[in-house]
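Novice: To start, I am sharing the structure in question, which I have written as C-alpha cells.
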Amino acid sequence: MNLFGQTRTTVAERHALIAPDGHVPSAFPGWDGVTTNVLLSPAMGARLSQLLLTFEADQDGIAIFPADVHEHAVYVETGRVILSYGGDDLTLEAGGFLFVPWETELKITSSDGAKLTVFRKEYEFAENEESPPAIHGNASEITGEPFMGNERAILKTLLPIDPRYDMAINIFTYEPGATTLPFVETHIMEHGLLMLSGQGIYRLEESYYPVIKGDAIWMAPYCPQWFVAMGDEPASYLYYKDIHRLP
C-alpha cells in the first residue's frame, strides 16, 4: 500500500515513464480471463499503443483485436499463448514474437498465466509498396550484433529490414556500465519501450529516470534520449520505432 502518494511514474508532454506501481487495468468487450494494462496510447499524445496482457492461470482467457486499420506486433514475456490470424494458429512461448498486418483479426488465447506486450498502430502506406506479410519467430534464435561496434551493447532485430514494414521491433541488451551511444540521440523516430530485465538510468529530455524490469517508456519524435545500464546484471529492453516512411 502506498501511504504517501509516491510513484516513479511521470507523464510529460513529450515523454513518459509508466512504472508498474500505478497500473490500472482496462476492460474490453469480449475479452475474458486477461488483465489488460494500456501503458501507452494516443490519449497521451503517442502515435502507437502499447498494451501489457496478463492471462490468468488455469482459466481460458481470450483477447481479440479486430481487423481494421491497425497492425500488431506481439512479444511473449512468459508462458505460452495461441495466436489465431488469417486462418492460421500459432503457439508461442517466452521470447516468441508475431507481427500481423492491418485488416487481419488477431485472437490471443491462453490458460497458462502468460504475459505479453502488444504494440498497436495504424499502418502507414508507402507509394509502390505492398502491405507487409505476417512474420513470427523467437528472440532466442536471432543472433545479436554489437551496436556500432560496441561488444557490450547487443542489438537483436526481430522484424525484417524491409520497406513494406513501417515499424521495427528490437531488443537491446547492455552489460553493466554500457550505454546506447556515446552521445544523446535526437531523431524523428518515436519509441515505445518495455524494460525486460536489469536496471539503469534513462535520460528523457532534461530528466534522468531510474528504470527497472516492467517499466514502460514513451519517447516522442525528437525527444533527446540516452541510457546507461547499472547494477550487477545485464539490462535488456524491447522497443518499437517507426521507420521507412518519408515525413
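By convention in this document, the chains of the C-alpha cells carry letters A, B, ... by their order, each chain's residues are numbered from 1, and ligands are numbered from 1 in the order they are shown.
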If you count only C-alpha atoms, which residues fall within 10 Å of segment 78-89 of chain A, apart from same-chain ones fewer than 5 positions away, as a short mmCIF file (atom, residue, chain, number, x, y, z; two decimals) with N, CA and C atoms, in the first residue's frame?

Specialist:
data_model
loop_
_atom_site.label_atom_id
_atom_site.label_comp_id
_atom_site.auth_asym_id
_atom_site.auth_seq_id
_atom_site.Cartn_x
_atom_site.Cartn_y
_atom_site.Cartn_z
N THR A 54 -1.87 -9.86 -19.29
CA THR A 54 -1.52 -10.91 -18.34
C THR A 54 -2.70 -11.86 -18.21
N PHE A 55 -2.52 -13.08 -18.70
CA PHE A 55 -3.60 -14.06 -18.67
C PHE A 55 -3.62 -14.77 -17.32
N ALA A 57 -3.91 -17.91 -14.86
CA ALA A 57 -3.54 -19.32 -14.91
C ALA A 57 -4.76 -20.20 -14.66
N GLY A 61 -8.43 -17.80 -21.26
CA GLY A 61 -8.50 -16.36 -21.49
C GLY A 61 -8.47 -16.06 -22.97
N ILE A 62 -9.06 -14.91 -23.34
CA ILE A 62 -9.11 -14.54 -24.75
C ILE A 62 -9.04 -13.03 -24.89
N ALA A 63 -8.28 -12.57 -25.89
CA ALA A 63 -8.23 -11.16 -26.27
C ALA A 63 -8.33 -11.10 -27.79
N ILE A 64 -9.17 -10.21 -28.30
CA ILE A 64 -9.41 -10.14 -29.74
C ILE A 64 -9.18 -8.72 -30.24
N PHE A 65 -8.28 -8.60 -31.22
CA PHE A 65 -8.05 -7.33 -31.90
C PHE A 65 -8.73 -7.42 -33.26
N ALA A 67 -10.12 -6.78 -37.20
CA ALA A 67 -9.49 -6.50 -38.49
C ALA A 67 -9.86 -5.08 -38.92
N ALA A 94 7.85 -18.08 -24.30
CA ALA A 94 8.65 -16.92 -23.91
C ALA A 94 9.71 -16.60 -24.96
N GLY A 95 9.80 -15.33 -25.33
CA GLY A 95 10.73 -14.90 -26.36
C GLY A 95 10.13 -14.92 -27.75
N GLY A 96 8.93 -15.52 -27.90
CA GLY A 96 8.29 -15.59 -29.20
C GLY A 96 7.67 -14.26 -29.60
N LEU A 98 5.31 -12.16 -32.93
CA LEU A 98 4.48 -12.24 -34.13
C LEU A 98 4.11 -10.84 -34.58
N VAL A 100 1.41 -9.05 -37.31
CA VAL A 100 0.30 -9.26 -38.24
C VAL A 100 -0.07 -7.93 -38.86
N PRO A 101 -0.30 -7.91 -40.19
CA PRO A 101 -0.60 -6.65 -40.88
C PRO A 101 -2.01 -6.16 -40.61
N GLU A 103 -5.89 -5.03 -41.35
CA GLU A 103 -7.02 -5.80 -41.90
C GLU A 103 -6.92 -7.28 -41.57
N THR A 104 -6.25 -7.61 -40.47
CA THR A 104 -6.15 -9.00 -40.02
C THR A 104 -6.64 -9.11 -38.58
N GLU A 105 -7.67 -9.91 -38.35
CA GLU A 105 -8.12 -10.13 -36.98
C GLU A 105 -7.07 -10.97 -36.25
N LEU A 106 -6.77 -10.57 -35.04
CA LEU A 106 -5.81 -11.30 -34.20
C LEU A 106 -6.51 -11.72 -32.91
N LYS A 107 -6.54 -13.04 -32.69
CA LYS A 107 -7.13 -13.57 -31.46
C LYS A 107 -6.03 -14.25 -30.65
N ILE A 108 -5.92 -13.87 -29.39
CA ILE A 108 -4.90 -14.42 -28.50
C ILE A 108 -5.60 -15.17 -27.37
N THR A 109 -5.22 -16.44 -27.17
CA THR A 109 -5.81 -17.24 -26.10
C THR A 109 -4.71 -17.88 -25.27
N SER A 110 -5.00 -18.09 -23.99
CA SER A 110 -4.04 -18.73 -23.10
C SER A 110 -4.75 -19.13 -21.81
N SER A 111 -4.25 -20.21 -21.20
CA SER A 111 -4.69 -20.60 -19.85
C SER A 111 -3.45 -20.87 -19.00
N ASP A 112 -2.34 -20.25 -19.39
CA ASP A 112 -1.03 -20.59 -18.85
C ASP A 112 -0.45 -19.48 -17.97
N GLY A 113 -1.26 -18.45 -17.66
CA GLY A 113 -0.72 -17.33 -16.90
C GLY A 113 0.30 -16.53 -17.69
N ALA A 114 0.16 -16.52 -19.02
CA ALA A 114 1.13 -15.86 -19.89
C ALA A 114 1.08 -14.35 -19.73
N LYS A 115 2.23 -13.72 -20.01
CA LYS A 115 2.33 -12.27 -20.01
C LYS A 115 2.96 -11.85 -21.33
N LEU A 116 2.34 -10.87 -22.00
CA LEU A 116 2.87 -10.43 -23.29
C LEU A 116 2.62 -8.95 -23.52
N ALA A 134 2.63 -11.28 -42.57
CA ALA A 134 2.82 -11.70 -41.18
C ALA A 134 4.17 -12.42 -41.05
#

Novice: Can you write out as a Markdown table which residues of segment 95-181 of chain A fall within 6 Å of segment 235-246 of chain A, alongside each residue's closest atom pair and its distance in Å to one decimal, counting only C-alpha atoms and ordering rows by chain and ascending residue number?

Specialist:
| residue | atom | partner | partner_atom | distance |
| --- | --- | --- | --- | --- |
| A:Pro163 | CA | A:His244 | CA | 5.5 |
| A:Asp166 | CA | A:Ile243 | CA | 5.1 |
| A:Met167 | CA | A:Asp242 | CA | 4.4 |
| A:Ala168 | CA | A:Lys241 | CA | 5.3 |
| A:Ile169 | CA | A:Tyr240 | CA | 4.8 |
| A:Asn170 | CA | A:Tyr239 | CA | 5.5 |
| A:Ile171 | CA | A:Leu238 | CA | 4.5 |
| A:Phe172 | CA | A:Tyr237 | CA | 5.5 |
| A:Thr173 | CA | A:Ser236 | CA | 4.2 |
| A:Tyr174 | CA | A:Ala235 | CA | 5.3 |

Novice: Since we have the selection now, will you write its residues out, keeping C-alpha atoms, as a PDB file, in the first residue's frame?

Specialist:
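The result, written out as again_34.pdb:
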ATOM      1  CA  PRO A 163      10.348  -1.060 -46.720  1.00  0.00           C
ATOM      2  CA  ASP A 166       6.650   0.770 -41.215  1.00  0.00           C
ATOM      3  CA  MET A 167       7.788  -0.393 -37.781  1.00  0.00           C
ATOM      4  CA  ALA A 168      10.833  -2.028 -36.235  1.00  0.00           C
ATOM      5  CA  ILE A 169      10.781  -4.208 -33.111  1.00  0.00           C
ATOM      6  CA  ASN A 170      14.177  -4.742 -31.490  1.00  0.00           C
ATOM      7  CA  ILE A 171      15.761  -5.986 -28.266  1.00  0.00           C
ATOM      8  CA  PHE A 172      18.789  -4.200 -26.803  1.00  0.00           C
ATOM      9  CA  THR A 173      20.933  -5.868 -24.123  1.00  0.00           C
ATOM     10  CA  TYR A 174      23.667  -3.988 -22.240  1.00  0.00           C
TER      11      TYR A 174
END

Novice: If DSSP is run on the backbone, what residues of segment 15-211 of chain A are helix (DSSP H, G or I)? A reply as a list in words would be ideal.

Specialist: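 Matching residues for helix (DSSP H, G or I) in segment 15-211 of chain A are Pro20, Asp21, Gly22, Pro42, Ala43, Met44, Ala139, Ser140 and Glu141 of chain A.
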
Novice: Which residue is closest to Thr179 of chain A? Choose from A:Leu53, A:Ala43, A:Ala19, A:Ala153 and count only C-alpha atoms.

Specialist: A:Ala153

Novice: Can you tell me, as an MDAnalysis selection string, what residues are no more than 9 Å from Ile188 of chain A when counting only C-alpha atoms, ignoring any on the same chain fewer than 3 positions away?

Specialist: chainID A and resid 220:223 242 247

Novice: I need the residues of segment 24-191 of chain A that end up classed as strand (DSSP E) by DSSP on the backbone, written out as a PyMOL selection string.

Specialist: chain A and resi 34-40+49-55+57-65+70-78+80-85+88-93+96-100+106-112+115-122+135-138+145-147+150-157+167-174+191
